[in-house]
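Novice: One file is attached below, data.tsv, containing TSV, C-alpha atoms.
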chain	number	residue	atom	x	y	z
A	166	MET	CA	0.00	0.00	0.00
A	167	ILE	CA	1.20	3.49	-0.77
A	168	ILE	CA	-0.18	6.95	-0.11
A	169	LYS	CA	-0.25	8.79	-3.42
A	170	SER	CA	-1.32	12.26	-2.32
A	171	LEU	CA	-2.44	14.49	0.53
A	172	GLN	CA	-4.58	17.61	0.32
A	173	LEU	CA	-5.18	19.99	3.21
A	174	GLN	CA	-7.39	23.02	3.61
A	175	ASN	CA	-7.29	25.16	6.75
A	176	PHE	CA	-5.67	22.34	8.73
A	177	ARG	CA	-3.38	23.61	11.52
A	178	ASN	CA	-0.95	26.05	9.83
A	179	TYR	CA	-1.78	24.87	6.30
A	180	GLU	CA	-4.15	27.18	4.44
A	181	HIS	CA	-3.85	24.98	1.37
A	182	LEU	CA	-1.62	22.03	0.54
A	183	ASP	CA	-1.50	19.54	-2.33
A	184	ILE	CA	1.41	17.11	-2.20
A	185	ASN	CA	2.24	13.87	-4.04
A	186	PHE	CA	4.42	11.21	-2.42
A	187	ASP	CA	7.01	8.80	-3.75
A	188	SER	CA	6.40	5.09	-3.21
A	189	LYS	CA	9.60	4.70	-1.17
A	190	LEU	CA	11.28	7.16	1.23
A	191	ASN	CA	9.85	10.68	1.57
A	192	VAL	CA	11.71	13.13	3.80
A	193	LEU	CA	10.07	16.31	5.10
A	194	ILE	CA	12.82	18.73	6.12
A	195	GLY	CA	12.41	21.99	7.98
A	196	LYS	CA	13.13	23.94	11.12
A	197	ASN	CA	11.02	23.39	14.22
A	198	ALA	CA	7.43	24.70	14.28
A	199	GLN	CA	7.12	24.89	10.49
A	200	GLY	CA	4.39	22.26	10.08
A	201	LYS	CA	6.18	18.94	9.60
A	202	THR	CA	4.32	17.19	12.41
A	203	ASN	CA	1.05	18.82	11.36
A	204	LEU	CA	1.40	17.22	7.94
A	205	VAL	CA	1.97	13.67	9.18
A	206	GLU	CA	-0.69	14.18	11.85
A	207	ALA	CA	-3.18	14.75	9.03
A	208	ILE	CA	-2.16	11.51	7.30
A	209	ASN	CA	-2.48	9.49	10.48
A	210	PHE	CA	-5.83	11.14	11.18
A	211	CYS	CA	-7.15	9.63	7.95
A	212	CYS	CA	-5.95	6.20	9.10
A	213	ILE	CA	-7.42	6.04	12.61
A	214	GLY	CA	-9.89	8.92	12.74
A	215	LYS	CA	-8.28	10.86	15.55
A	216	SER	CA	-5.23	12.95	16.35
A	217	HIS	CA	-2.32	11.53	18.31
A	218	ARG	CA	-1.71	15.02	19.75
A	219	THR	CA	-5.09	16.31	20.92
A	220	SER	CA	-8.61	15.11	21.69
A	221	LYS	CA	-10.00	18.57	20.87
A	222	GLU	CA	-10.57	18.47	17.13
A	223	ARG	CA	-11.35	22.20	17.03
A	224	GLU	CA	-7.60	22.72	17.55
A	225	LEU	CA	-6.95	21.11	14.16
A	226	ILE	CA	-8.78	23.90	12.35
A	227	SER	CA	-6.67	26.90	11.36
A	228	PHE	CA	-6.96	30.03	13.48
A	229	ASN	CA	-9.88	32.28	12.48
A	230	GLN	CA	-11.33	29.54	10.24
A	231	GLU	CA	-14.59	27.66	10.81
A	232	SER	CA	-13.80	24.42	8.99
A	233	ALA	CA	-11.00	22.25	7.65
A	234	LYS	CA	-10.57	19.41	5.20
A	235	ILE	CA	-8.14	16.50	4.87
A	236	LYS	CA	-8.00	14.28	1.81
A	237	VAL	CA	-5.73	11.28	1.34
A	238	ILE	CA	-5.61	9.06	-1.74
A	239	ALA	CA	-3.92	5.68	-1.33
A	240	GLU	CA	-3.27	2.79	-3.69
A	241	LYS	CA	-3.85	-0.70	-2.31
A	242	SER	CA	-3.69	-4.11	-3.94
A	243	ALA	CA	-7.51	-4.10	-3.94
A	244	GLY	CA	-7.69	-0.71	-5.63
A	245	GLU	CA	-7.65	2.98	-4.83
A	246	LYS	CA	-8.92	4.36	-1.52
A	247	LYS	CA	-9.90	7.99	-1.03
A	248	VAL	CA	-10.47	9.18	2.53
A	249	GLU	CA	-11.83	12.67	3.18
A	250	ILE	CA	-12.40	14.18	6.61
A	251	PHE	CA	-14.34	17.40	7.07
A	252	LEU	CA	-13.94	19.24	10.38
A	253	SER	CA	-16.16	22.05	11.61
A	254	LYS	CA	-16.28	24.14	14.77
A	255	ASN	CA	-20.07	24.03	14.68
A	256	SER	CA	-20.83	20.40	13.83
A	257	LYS	CA	-19.49	16.86	14.05
A	258	LYS	CA	-16.77	15.70	11.72
A	259	VAL	CA	-17.79	13.99	8.50
A	260	ILE	CA	-15.74	11.11	7.05
A	261	ARG	CA	-16.12	9.90	3.48
A	262	ILE	CA	-14.53	6.84	1.95
A	263	ASN	CA	-14.56	6.80	-1.84
A	264	ASN	CA	-17.21	9.56	-1.73
A	265	LEU	CA	-19.52	7.64	0.63
A	266	SER	CA	-20.09	9.02	4.14
A	267	ILE	CA	-19.59	6.56	6.98
A	268	LEU	CA	-21.81	6.50	10.05
A	269	ARG	CA	-19.39	4.90	12.50
A	270	ILE	CA	-15.71	5.65	13.05
A	271	GLY	CA	-14.93	1.92	13.04
A	272	GLU	CA	-15.72	1.81	9.32
A	273	LEU	CA	-12.59	3.89	8.73
A	274	PHE	CA	-10.19	1.31	10.16
A	275	GLY	CA	-8.39	-0.84	7.62
A	276	ASN	CA	-8.88	1.46	4.65
A	277	ILE	CA	-5.46	3.11	4.98
A	278	ASN	CA	-3.13	1.46	7.47
A	279	SER	CA	-0.19	3.17	9.12
A	280	VAL	CA	2.50	2.58	11.69
A	281	PHE	CA	3.25	5.87	13.42
A	282	PHE	CA	6.55	6.37	15.24
A	283	SER	CA	7.38	9.56	17.15
A	284	PRO	CA	9.80	10.51	19.95
A	285	GLU	CA	6.94	9.87	22.40
A	286	ASP	CA	6.88	6.24	21.25
A	287	LEU	CA	10.48	5.84	22.40
A	288	LYS	CA	8.99	6.16	25.88
A	289	LEU	CA	6.57	3.34	25.14
A	290	VAL	CA	8.65	0.84	27.07
A	291	LYS	CA	9.17	2.74	30.30
A	292	GLU	CA	6.04	4.88	30.56
A	293	SER	CA	2.51	4.07	31.77
A	294	PRO	CA	0.67	0.80	30.97
A	295	VAL	CA	-1.94	3.07	29.35
A	296	ASP	CA	0.55	3.80	26.55
A	297	ARG	CA	1.26	0.12	25.96
A	298	ARG	CA	-2.44	-0.78	25.93
A	299	ARG	CA	-3.10	2.04	23.43
A	300	PHE	CA	-0.25	0.73	21.26
A	301	ILE	CA	-1.84	-2.74	21.17
A	302	ASP	CA	-5.39	-1.48	20.71
A	303	ILE	CA	-4.62	0.80	17.75
A	304	ASP	CA	-2.82	-1.98	15.91
A	305	ILE	CA	-5.50	-4.62	16.43
A	306	SER	CA	-8.26	-2.13	15.61
A	307	GLN	CA	-6.68	-1.37	12.24
A	308	MET	CA	-6.85	-5.07	11.44
A	309	SER	CA	-10.19	-5.90	13.10
A	310	LYS	CA	-13.29	-3.70	13.19
A	311	VAL	CA	-14.92	-6.24	15.55
A	312	TYR	CA	-12.16	-5.65	18.07
A	313	PHE	CA	-12.60	-1.88	17.84
A	314	TYR	CA	-16.34	-2.12	18.48
A	315	ASN	CA	-15.73	-4.48	21.40
A	316	LEU	CA	-13.41	-1.84	22.88
A	317	LEU	CA	-16.10	0.81	22.55
A	318	ARG	CA	-18.69	-1.45	24.13
A	319	TYR	CA	-16.35	-2.37	26.98
A	320	GLU	CA	-15.67	1.30	27.74
A	321	LYS	CA	-19.41	2.05	27.87
A	322	ILE	CA	-20.15	-0.86	30.20
A	323	LEU	CA	-17.16	0.04	32.37
A	324	ALA	CA	-18.41	3.62	32.65
A	325	GLN	CA	-21.83	2.39	33.78
A	326	ARG	CA	-20.31	0.05	36.37
A	327	ASN	CA	-18.08	2.81	37.72
A	328	LYS	CA	-21.03	5.19	37.88
A	329	LEU	CA	-22.93	2.69	40.02
A	330	LEU	CA	-19.88	2.15	42.24
A	331	LYS	CA	-19.54	5.86	42.89
A	332	SER	CA	-23.22	6.51	43.53
A	333	SER	CA	-24.03	3.50	45.73
A	334	PHE	CA	-24.49	4.02	49.47
A	335	ASP	CA	-26.23	0.68	50.03
A	336	SER	CA	-23.84	-2.18	49.24
A	337	ASN	CA	-26.63	-4.78	49.18
A	338	GLN	CA	-28.59	-2.77	46.64
A	339	ALA	CA	-25.43	-2.15	44.61
A	340	MET	CA	-24.69	-5.87	44.44
A	341	LYS	CA	-27.88	-6.49	42.46
A	342	GLY	CA	-27.04	-3.88	39.86
A	343	LEU	CA	-23.36	-4.76	39.69
A	344	ASP	CA	-24.06	-8.38	38.83
A	345	VAL	CA	-25.62	-7.27	35.54
A	346	TRP	CA	-22.64	-5.11	34.66
A	347	ASN	CA	-20.21	-7.81	35.82
A	348	GLU	CA	-21.67	-10.30	33.38
A	349	GLN	CA	-21.62	-7.90	30.44
A	350	LEU	CA	-18.12	-6.65	31.27
A	351	ALA	CA	-16.82	-10.22	31.52
A	352	GLN	CA	-18.38	-11.21	28.18
A	353	VAL	CA	-16.82	-8.35	26.22
A	354	GLY	CA	-13.62	-8.20	28.25
A	355	ALA	CA	-12.88	-11.87	27.56
A	356	LYS	CA	-12.97	-11.23	23.81
A	357	ILE	CA	-10.61	-8.28	24.16
A	358	ILE	CA	-8.14	-10.20	26.30
A	359	LEU	CA	-8.04	-13.16	23.91
A	360	GLU	CA	-7.26	-10.93	20.91
A	361	ARG	CA	-4.58	-9.07	22.85
A	362	GLN	CA	-2.97	-12.37	23.86
A	363	LYS	CA	-2.86	-13.60	20.27
A	364	PHE	CA	-1.46	-10.29	19.05
A	365	THR	CA	1.20	-10.20	21.78
A	366	GLN	CA	2.37	-13.72	20.99
A	367	HIS	CA	2.66	-12.88	17.32
A	368	LEU	CA	4.35	-9.55	18.01
A	369	SER	CA	6.83	-11.19	20.41
A	370	LYS	CA	8.15	-13.57	17.74
A	371	LEU	CA	8.56	-10.86	15.13
A	372	ALA	CA	9.98	-8.27	17.55
A	373	ASN	CA	12.56	-10.73	18.84
A	374	LYS	CA	13.72	-11.40	15.28
A	375	VAL	CA	14.06	-7.68	14.58
A	376	HIS	CA	15.69	-7.01	17.94
A	377	SER	CA	18.25	-9.76	17.37
A	378	SER	CA	19.20	-8.14	14.08
A	379	ILE	CA	19.55	-4.67	15.62
A	380	THR	CA	21.68	-5.96	18.50
A	381	ASP	CA	23.73	-8.35	16.32
A	382	GLY	CA	22.29	-11.34	18.16
A	383	GLN	CA	23.38	-10.11	21.59
A	384	GLU	CA	19.90	-9.80	23.17
A	385	ASN	CA	16.77	-11.94	23.37
A	386	LEU	CA	13.49	-10.00	23.53
A	387	ILE	CA	10.30	-11.57	24.90
A	388	LEU	CA	6.88	-9.94	25.21
A	389	SER	CA	4.01	-11.31	27.28
A	390	TYR	CA	0.53	-10.09	28.09
A	391	THR	CA	0.05	-9.45	31.81
A	392	GLY	CA	-3.54	-10.19	32.65
A	393	LEU	CA	-5.81	-13.20	32.70
A	394	GLN	CA	-4.62	-16.16	30.67
A	395	GLY	CA	-6.90	-18.52	28.76
A	396	GLU	CA	-7.17	-20.47	25.53
A	397	ASN	CA	-10.71	-19.42	24.67
A	398	VAL	CA	-13.39	-16.82	25.39
A	399	ASP	CA	-15.37	-19.09	27.74
A	400	SER	CA	-12.40	-19.71	30.01
A	401	LEU	CA	-11.52	-16.03	30.16
A	402	TYR	CA	-15.16	-15.09	30.74
A	403	ARG	CA	-15.42	-17.35	33.81
A	404	GLN	CA	-12.15	-16.03	35.24
A	405	LEU	CA	-13.02	-12.38	34.67
A	406	TYR	CA	-16.56	-12.74	36.03
A	407	GLU	CA	-15.21	-14.35	39.19
A	408	LEU	CA	-12.62	-11.59	39.62
A	409	LEU	CA	-15.21	-8.86	39.16
A	410	ASP	CA	-17.52	-10.56	41.67
A	411	LYS	CA	-14.74	-10.91	44.25
A	412	SER	CA	-13.61	-7.30	43.81
A	413	VAL	CA	-17.02	-5.74	44.54
A	414	ASP	CA	-16.25	-4.71	48.14
A	415	LYS	CA	-12.92	-3.19	47.16
A	416	ASP	CA	-14.40	-1.48	44.11
A	417	LEU	CA	-17.26	0.00	46.17
A	418	GLN	CA	-14.75	1.40	48.61
A	419	LEU	CA	-12.58	2.93	45.88
A	420	GLY	CA	-15.39	3.93	43.54
A	421	TYR	CA	-13.97	2.34	40.38
A	422	THR	CA	-13.37	-1.05	38.74
A	423	THR	CA	-10.00	-2.49	39.73
A	424	VAL	CA	-9.82	-5.59	37.50
A	425	GLY	CA	-10.22	-6.20	33.78
A	426	PRO	CA	-8.41	-5.57	30.49
A	427	HIS	CA	-8.39	-1.82	31.19
A	428	ARG	CA	-5.82	-2.58	33.92
A	429	ASP	CA	-3.60	-5.01	31.99
A	430	ASP	CA	-0.10	-4.40	30.64
A	431	LEU	CA	2.57	-5.65	28.27
A	432	LYS	CA	5.61	-7.22	29.96
A	433	ILE	CA	8.88	-6.66	28.11
A	434	VAL	CA	11.87	-8.81	29.03
A	435	ILE	CA	15.40	-8.91	27.65
A	436	ASP	CA	17.53	-11.83	28.87
A	437	ASP	CA	15.30	-12.31	31.97
A	438	ILE	CA	15.41	-8.60	32.90
A	439	ASP	CA	12.20	-6.56	32.91
A	440	ILE	CA	13.44	-3.55	30.98
A	441	ARG	CA	10.37	-1.47	31.80
A	442	SER	CA	12.03	-0.89	35.17
A	443	TYR	CA	15.61	-2.05	34.89
A	444	GLY	CA	16.62	-1.62	31.24
A	445	SER	CA	19.11	0.96	30.12
A	446	GLN	CA	17.96	3.89	27.99
A	447	GLY	CA	19.65	2.29	24.99
A	448	GLN	CA	17.82	-1.01	25.55
A	449	GLN	CA	14.49	0.75	25.95
A	450	ARG	CA	14.94	2.73	22.74
A	451	THR	CA	16.08	-0.33	20.80
A	452	THR	CA	13.07	-2.25	22.08
A	453	ALA	CA	10.67	0.51	21.03
A	454	LEU	CA	12.25	0.47	17.58
A	455	SER	CA	11.93	-3.33	17.41
A	456	LEU	CA	8.25	-3.16	18.31
A	457	LYS	CA	7.52	-0.62	15.58
A	458	LEU	CA	9.39	-2.59	12.92
A	459	ALA	CA	7.61	-5.76	14.02
A	460	GLU	CA	4.30	-3.93	13.55
A	461	LEU	CA	5.14	-3.54	9.87
A	462	GLU	CA	5.61	-7.28	9.48
A	463	ILE	CA	2.33	-8.09	11.25
A	464	PHE	CA	0.42	-5.85	8.88
A	465	LYS	CA	2.22	-7.46	5.93
A	466	GLU	CA	1.27	-10.95	7.12
A	467	GLU	CA	-2.34	-10.00	7.88
A	468	ASN	CA	-3.06	-7.88	4.80
A	469	GLY	CA	-0.55	-9.03	2.24
A	470	GLU	CA	1.01	-5.56	1.97
A	471	TYR	CA	2.92	-3.14	4.16
A	472	PRO	CA	1.24	-0.11	5.73
A	473	VAL	CA	2.72	3.36	5.34
A	474	LEU	CA	5.41	4.04	7.93
A	475	ILE	CA	5.37	7.51	9.47
A	476	LEU	CA	8.52	8.58	11.33
A	477	ASP	CA	8.06	11.93	13.04
A	478	ASP	CA	11.44	13.35	14.11
A	479	VAL	CA	12.61	9.95	15.32
A	480	LEU	CA	16.12	9.89	13.81
A	481	SER	CA	17.24	12.79	16.00
A	482	GLU	CA	16.50	10.63	19.04
A	483	LEU	CA	18.50	7.60	17.86
A	484	ASP	CA	22.24	7.09	17.55
A	485	THR	CA	23.79	6.61	14.11
A	486	ASN	CA	23.87	2.82	14.33
A	487	ARG	CA	20.16	2.57	15.19
A	488	CYS	CA	19.31	5.08	12.46
A	489	ASN	CA	21.11	2.99	9.87
A	490	LYS	CA	19.47	-0.22	11.13
A	491	LEU	CA	16.09	1.47	10.84
A	492	LEU	CA	16.69	2.85	7.35
A	493	ASP	CA	18.10	-0.49	6.16
A	494	SER	CA	14.96	-2.31	7.26
A	495	ILE	CA	12.40	-0.08	5.52
A	496	GLN	CA	13.68	-0.14	1.95
A	497	ASN	CA	10.52	-1.91	0.77
A	498	VAL	CA	8.10	0.20	2.80
A	499	GLN	CA	6.68	3.57	1.83
A	500	THR	CA	7.99	5.89	4.54
A	501	ILE	CA	7.21	9.51	5.36
A	502	LEU	CA	9.92	10.88	7.60
A	503	THR	CA	10.28	14.30	9.22
A	504	GLY	CA	13.37	16.01	10.59
A	505	THR	CA	15.41	19.19	10.64
A	506	SER	CA	17.94	17.53	8.34
A	507	PHE	CA	18.69	14.24	6.58
A	508	ASP	CA	22.38	13.40	6.36
A	509	PHE	CA	22.17	9.72	5.45
A	510	ASP	CA	23.25	8.05	2.24
A	511	TYR	CA	19.86	6.64	1.28
A	512	PRO	CA	17.83	7.53	-1.83
A	513	ALA	CA	14.92	9.75	-0.86
A	514	THR	CA	12.45	12.27	-2.22
A	515	LYS	CA	12.91	15.42	-0.16
A	516	TYR	CA	10.56	18.29	0.59
A	517	LEU	CA	11.26	21.58	2.34
A	518	ILE	CA	8.61	22.62	4.88
A	519	ASN	CA	8.54	26.33	5.65
A	520	HIS	CA	5.69	28.09	7.49
A	521	GLY	CA	3.00	25.77	6.19
A	522	THR	CA	4.28	25.59	2.62
A	523	VAL	CA	5.93	22.62	0.90
A	524	LYS	CA	8.58	22.73	-1.82
A	525	LYS	CA	10.01	19.63	-3.48
A	526	LEU	CA	13.83	19.70	-3.45
What do you get writing this file as structure tokens?

Specialist:
Amino acid sequence: MIIKSLQLQNFRNYEHLDINFDSKLNVLIGKNAQGKTNLVEAINFCCIGKSHRTSKERELISFNQESAKIKVIAEKSAGEKKVEIFLSKNSKKVIRINNLSILRIGELFGNINSVFFSPEDLKLVKESPVDRRRFIDIDISQMSKVYFYNLLRYEKILAQRNKLLKSSFDSNQAMKGLDVWNEQLAQVGAKIILERQKFTQHLSKLANKVHSSITDGQENLILSYTGLQGENVDSLYRQLYELLDKSVDKDLQLGYTTVGPHRDDLKIVIDDIDIRSYGSQGQQRTTALSLKLAELEIFKEENGEYPVLILDDVLSELDTNRCNKLLDSIQNVQTILTGTSFDFDYPATKYLINHGTVKKL
């Protein structure tokens, strides 16, 4: 899959933009605060339907403007995909795929796939479990609409259960209501956990292969899902329902749900050392890089073609050896890379970004 073109209108600092991309390496060069990240943010927005930088979509619309538009045209093995997103300060966003409006955001997933890598992702290993869960959820959602809708349903049920926990003064009365939510939460949560387990096992094998290459065979990387373990939905459902039932007293006291997939994590081990807590900065960065490169291979195996790889100012955060390892590994992947410079001996189509304007070099 390749992204052929991007058009912007009143998006961030772009009044108007129309840019065509090469099928291999595209490098966006410019000083800080010129609009490089804004450009790749727009592309990723058309892949997952939200910004990785803000939850307030009004901020995506240019100052003193009432609306904005993003249009991405991509070429896939199944044919061309055109995604258009219309943003307005006075109404909900509208998304069209090949000129047809979609009613649910989940219908966007899988049309244009991307792996997004930014300096924040280098913290993926050592930061909060929330970041690692989000990493897993975005990937699986791009490959499975069912998974995405299960996530939405789980969040709604969880919100209802937490609302009851916070508002209940009579524990006996609360128990009756909580049993209903416990059952629903366990049913959906079991499906989420099973998919995360499968994804983690697959990711672990691929990431270890990539990591071994980056470290010249010196380190062994293993990923595991930290949460309930089970071979099927029924087994996980029974376990999760029992945990939810046993946690009622504690949850009533705290006012929120303390068990479930919303509390799980991804364990990352190198040679028997949990590098989330004890790894060096170099190990943590190499691991983050391995995870992102393994993502590419998962998409290739699942869809038969690579997604677009977006690298937002990542090379400046990596040493020369890791930069070269990264660039060596993406020769067959369309890549859109941003940075203040590009001093590597790799063929690339370069663009100069200056105050919201783009010039091909």

Novice: Excluding Asp183 (chain A) and any residue of its chain fewer than 4 positions from it, enumerate the residues within 12 Å of it, using all atoms listed in the file, and give them as a PyMOL selection string.

Specialist: chain A and resi 169-174+179+204+234-238+521-525

Novice: Counting all atoms listed in the file, what is within 9 Å of Asn519 (chain A), bar same-chain residues fewer than 3 positions away, as a VMD selection string?

Specialist: chain A and resid 194 to 196 198 to 201 522 to 524

Novice: For CA of Pro426 (chain A) and CA of Asp302 (chain A), determine how far apart the two atoms are, in Å to one decimal place.

Specialist: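 Result for CA of Pro426 (chain A) versus CA of Asp302 (chain A): 11.0 Å, one decimal.
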
Novice: So which residues fall inside 10 Å of (-1.3, 7.9, -1.7) if we count all atoms listed in the file? Mind giving them as a PyMOL selection string?

Specialist: chain A and resi 166-171+184-188+208+236-241+245-247+277+473+499

Novice: Name all residues at most 10 Å from region 315-317 of chain A (count only C-alpha atoms; drop same-chain ones fewer than 4 positions away) and give them as an NGL selection string.

Specialist: :A and (271 or 302 or 306 or 310-311 or 321-323 or 352-354 or 356-357 or 426-427)

Novice: When distances are computed from all atoms listed in the file, which of A:Cys211, A:Ser377, A:Leu386, A:Gln496 shows the smallest separation from Gly444 (chain A)?

Specialist: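 The shortest atom-to-atom distance to Gly444 (chain A) comes from A:Leu386.
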
Novice: At what distance in Å, to one decimal, does CA of Phe313 (chain A) lie from CA of Gln325 (chain A)?

Specialist: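 It comes out at 18.9 Å.
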
Novice: List every protein, DNA or RNA residue that has at least one atom no more than 10 Å from (7.3, -4.5, 15.3) in the file's coordinates, counting all atoms listed in the file, and write the result as a list in words.

Specialist: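 Selection result: Val280, His367, Leu368, Ser369, Lys370, Leu371, Ala372, Asn373, Lys374, Val375, His376, Thr452, Ala453, Leu454, Ser455, Leu456, Lys457, Leu458, Ala459, Glu460, Leu461, Glu462, Ile463 and Phe464 of chain A.
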
Novice: Under the rule that all atoms listed in the file are counted, which of A:Asn191, A:Asn197, A:Ser309, A:Thr451 is the nearest residue to Glu384 (chain A)?

Specialist: A:Thr451

Novice: Please measure the separation of CA of Phe281 (chain A) and CA of Asp430 (chain A), giving the value in Å to one decimal.

Specialist: 20.3 Å

Novice: Any idea what's packed within 9 Å of region 502-513 of chain A, counting only C-alpha atoms, ignoring anything in its chain fewer than 4 positions away? Could you give it as a PyMOL selection string?

Specialist: chain A and resi 187+189-197+201-202+205+474-481+488-489+492-493

Novice: Kindly list the centre and edge lengths in Å, rounded to one decimal, for the axis-aligned box that covers all listed atoms of region 369-384 of chain A plus 5 Å on each of its six sides, as JSON.

Specialist:
{"center_x": 15.3, "center_y": -9.1, "center_z": 18.6, "size_x": 26.9, "size_y": 18.9, "size_z": 19.1}

Novice: So that each row is one residue of region 357-438 of chain A with an atom at most 9 Å from region 285-294 of chain A, can you give its shortest atom pair and the distance in Å to one decimal, using all atoms listed in the file, rows by chain and rising number, as a tab-separated table?

Specialist:
residue	atom	partner	partner_atom	distance
A:Arg428	CA	A:Pro294	CA	7.9
A:Asp429	CA	A:Pro294	CA	7.3
A:Asp430	CA	A:Pro294	CA	5.3
A:Leu431	CA	A:Pro294	CA	7.2
A:Ile433	CA	A:Val290	CA	7.6

Novice: So, with all atoms listed in the file as the atoms that count, which of A:Gly275, A:Gly469, A:Gly382, A:Gly447 lies closest to Ile262 (chain A)?

Specialist: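 Under the stated criterion, the closest residue is A:Gly275.
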
Novice: Would you mind telling me which residue in A:Leu225, A:Leu526, A:Leu343, A:Ala207 lies nearest to Glu249 (chain A) when using all atoms listed in the file?

Specialist: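 Using all atoms listed in the file, the shortest distance to Glu249 (chain A) belongs to A:Ala207.
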
Novice: Counting all atoms listed in the file, what is within 12 Å of Ser256 (chain A), bar same-chain residues fewer than 6 positions away, as a PyMOL selection string?

Specialist: chain A and resi 222-223+231-233

Novice: Choose the residue, out of A:Arg299, A:Leu483, A:Tyr312, A:Val345, that has the smallest atom-to-atom separation from Gln449 (chain A); count only C-alpha atoms.

Specialist: A:Leu483

Novice: Would you mind writing region 235-254 of chain A with N, CA and C atoms, as a PDB file, in the coordinates of the input?

Specialist:
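Written output follows (selection22.pdb):
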ATOM      1  N   ILE A 235      -9.290  17.359   5.145  1.00  0.00           N
ATOM      2  CA  ILE A 235      -8.140  16.500   4.870  1.00  0.00           C
ATOM      3  C   ILE A 235      -8.559  15.484   3.819  1.00  0.00           C
ATOM      4  N   LYS A 236      -7.709  15.272   2.838  1.00  0.00           N
ATOM      5  CA  LYS A 236      -8.000  14.280   1.810  1.00  0.00           C
ATOM      6  C   LYS A 236      -6.738  13.478   1.512  1.00  0.00           C
ATOM      7  N   VAL A 237      -6.847  12.173   1.634  1.00  0.00           N
ATOM      8  CA  VAL A 237      -5.730  11.280   1.340  1.00  0.00           C
ATOM      9  C   VAL A 237      -6.171  10.265   0.296  1.00  0.00           C
ATOM     10  N   ILE A 238      -5.365  10.091  -0.736  1.00  0.00           N
ATOM     11  CA  ILE A 238      -5.610   9.060  -1.740  1.00  0.00           C
ATOM     12  C   ILE A 238      -4.495   8.027  -1.640  1.00  0.00           C
ATOM     13  N   ALA A 239      -4.879   6.769  -1.475  1.00  0.00           N
ATOM     14  CA  ALA A 239      -3.920   5.680  -1.330  1.00  0.00           C
ATOM     15  C   ALA A 239      -4.197   4.607  -2.371  1.00  0.00           C
ATOM     16  N   GLU A 240      -3.146   3.896  -2.738  1.00  0.00           N
ATOM     17  CA  GLU A 240      -3.270   2.790  -3.690  1.00  0.00           C
ATOM     18  C   GLU A 240      -2.995   1.493  -2.939  1.00  0.00           C
ATOM     19  N   LYS A 241      -3.992   0.599  -2.940  1.00  0.00           N
ATOM     20  CA  LYS A 241      -3.850  -0.700  -2.310  1.00  0.00           C
ATOM     21  C   LYS A 241      -3.949  -1.795  -3.370  1.00  0.00           C
ATOM     22  N   SER A 242      -3.610  -3.008  -2.980  1.00  0.00           N
ATOM     23  CA  SER A 242      -3.690  -4.110  -3.940  1.00  0.00           C
ATOM     24  C   SER A 242      -5.120  -4.319  -4.425  1.00  0.00           C
ATOM     25  N   ALA A 243      -6.099  -3.945  -3.577  1.00  0.00           N
ATOM     26  CA  ALA A 243      -7.510  -4.100  -3.940  1.00  0.00           C
ATOM     27  C   ALA A 243      -8.054  -2.920  -4.722  1.00  0.00           C
ATOM     28  N   GLY A 244      -7.242  -1.885  -4.896  1.00  0.00           N
ATOM     29  CA  GLY A 244      -7.690  -0.710  -5.630  1.00  0.00           C
ATOM     30  C   GLY A 244      -7.437   0.575  -4.871  1.00  0.00           C
ATOM     31  N   GLU A 245      -7.899   1.669  -5.421  1.00  0.00           N
ATOM     32  CA  GLU A 245      -7.650   2.980  -4.830  1.00  0.00           C
ATOM     33  C   GLU A 245      -8.621   3.267  -3.690  1.00  0.00           C
ATOM     34  N   LYS A 246      -8.107   3.920  -2.645  1.00  0.00           N
ATOM     35  CA  LYS A 246      -8.920   4.360  -1.520  1.00  0.00           C
ATOM     36  C   LYS A 246      -8.769   5.869  -1.363  1.00  0.00           C
ATOM     37  N   LYS A 247      -9.902   6.545  -1.286  1.00  0.00           N
ATOM     38  CA  LYS A 247      -9.900   7.990  -1.030  1.00  0.00           C
ATOM     39  C   LYS A 247     -10.611   8.249   0.287  1.00  0.00           C
ATOM     40  N   VAL A 248      -9.890   8.845   1.224  1.00  0.00           N
ATOM     41  CA  VAL A 248     -10.470   9.180   2.530  1.00  0.00           C
ATOM     42  C   VAL A 248     -10.487  10.694   2.674  1.00  0.00           C
ATOM     43  N   GLU A 249     -11.662  11.234   2.956  1.00  0.00           N
ATOM     44  CA  GLU A 249     -11.830  12.670   3.180  1.00  0.00           C
ATOM     45  C   GLU A 249     -12.439  12.891   4.555  1.00  0.00           C
ATOM     46  N   ILE A 250     -11.868  13.823   5.290  1.00  0.00           N
ATOM     47  CA  ILE A 250     -12.400  14.180   6.610  1.00  0.00           C
ATOM     48  C   ILE A 250     -12.679  15.671   6.637  1.00  0.00           C
ATOM     49  N   PHE A 251     -13.908  16.011   6.998  1.00  0.00           N
ATOM     50  CA  PHE A 251     -14.340  17.400   7.070  1.00  0.00           C
ATOM     51  C   PHE A 251     -14.556  17.765   8.540  1.00  0.00           C
ATOM     52  N   LEU A 252     -13.847  18.787   8.994  1.00  0.00           N
ATOM     53  CA  LEU A 252     -13.940  19.240  10.380  1.00  0.00           C
ATOM     54  C   LEU A 252     -14.632  20.593  10.431  1.00  0.00           C
ATOM     55  N   SER A 253     -15.455  20.786  11.448  1.00  0.00           N
ATOM     56  CA  SER A 253     -16.160  22.050  11.610  1.00  0.00           C
ATOM     57  C   SER A 253     -16.245  22.400  13.085  1.00  0.00           C
ATOM     58  N   LYS A 254     -16.151  23.697  13.388  1.00  0.00           N
ATOM     59  CA  LYS A 254     -16.280  24.140  14.770  1.00  0.00           C
ATOM     60  C   LYS A 254     -17.720  24.100  15.255  1.00  0.00           C
TER      61      LYS A 254
END
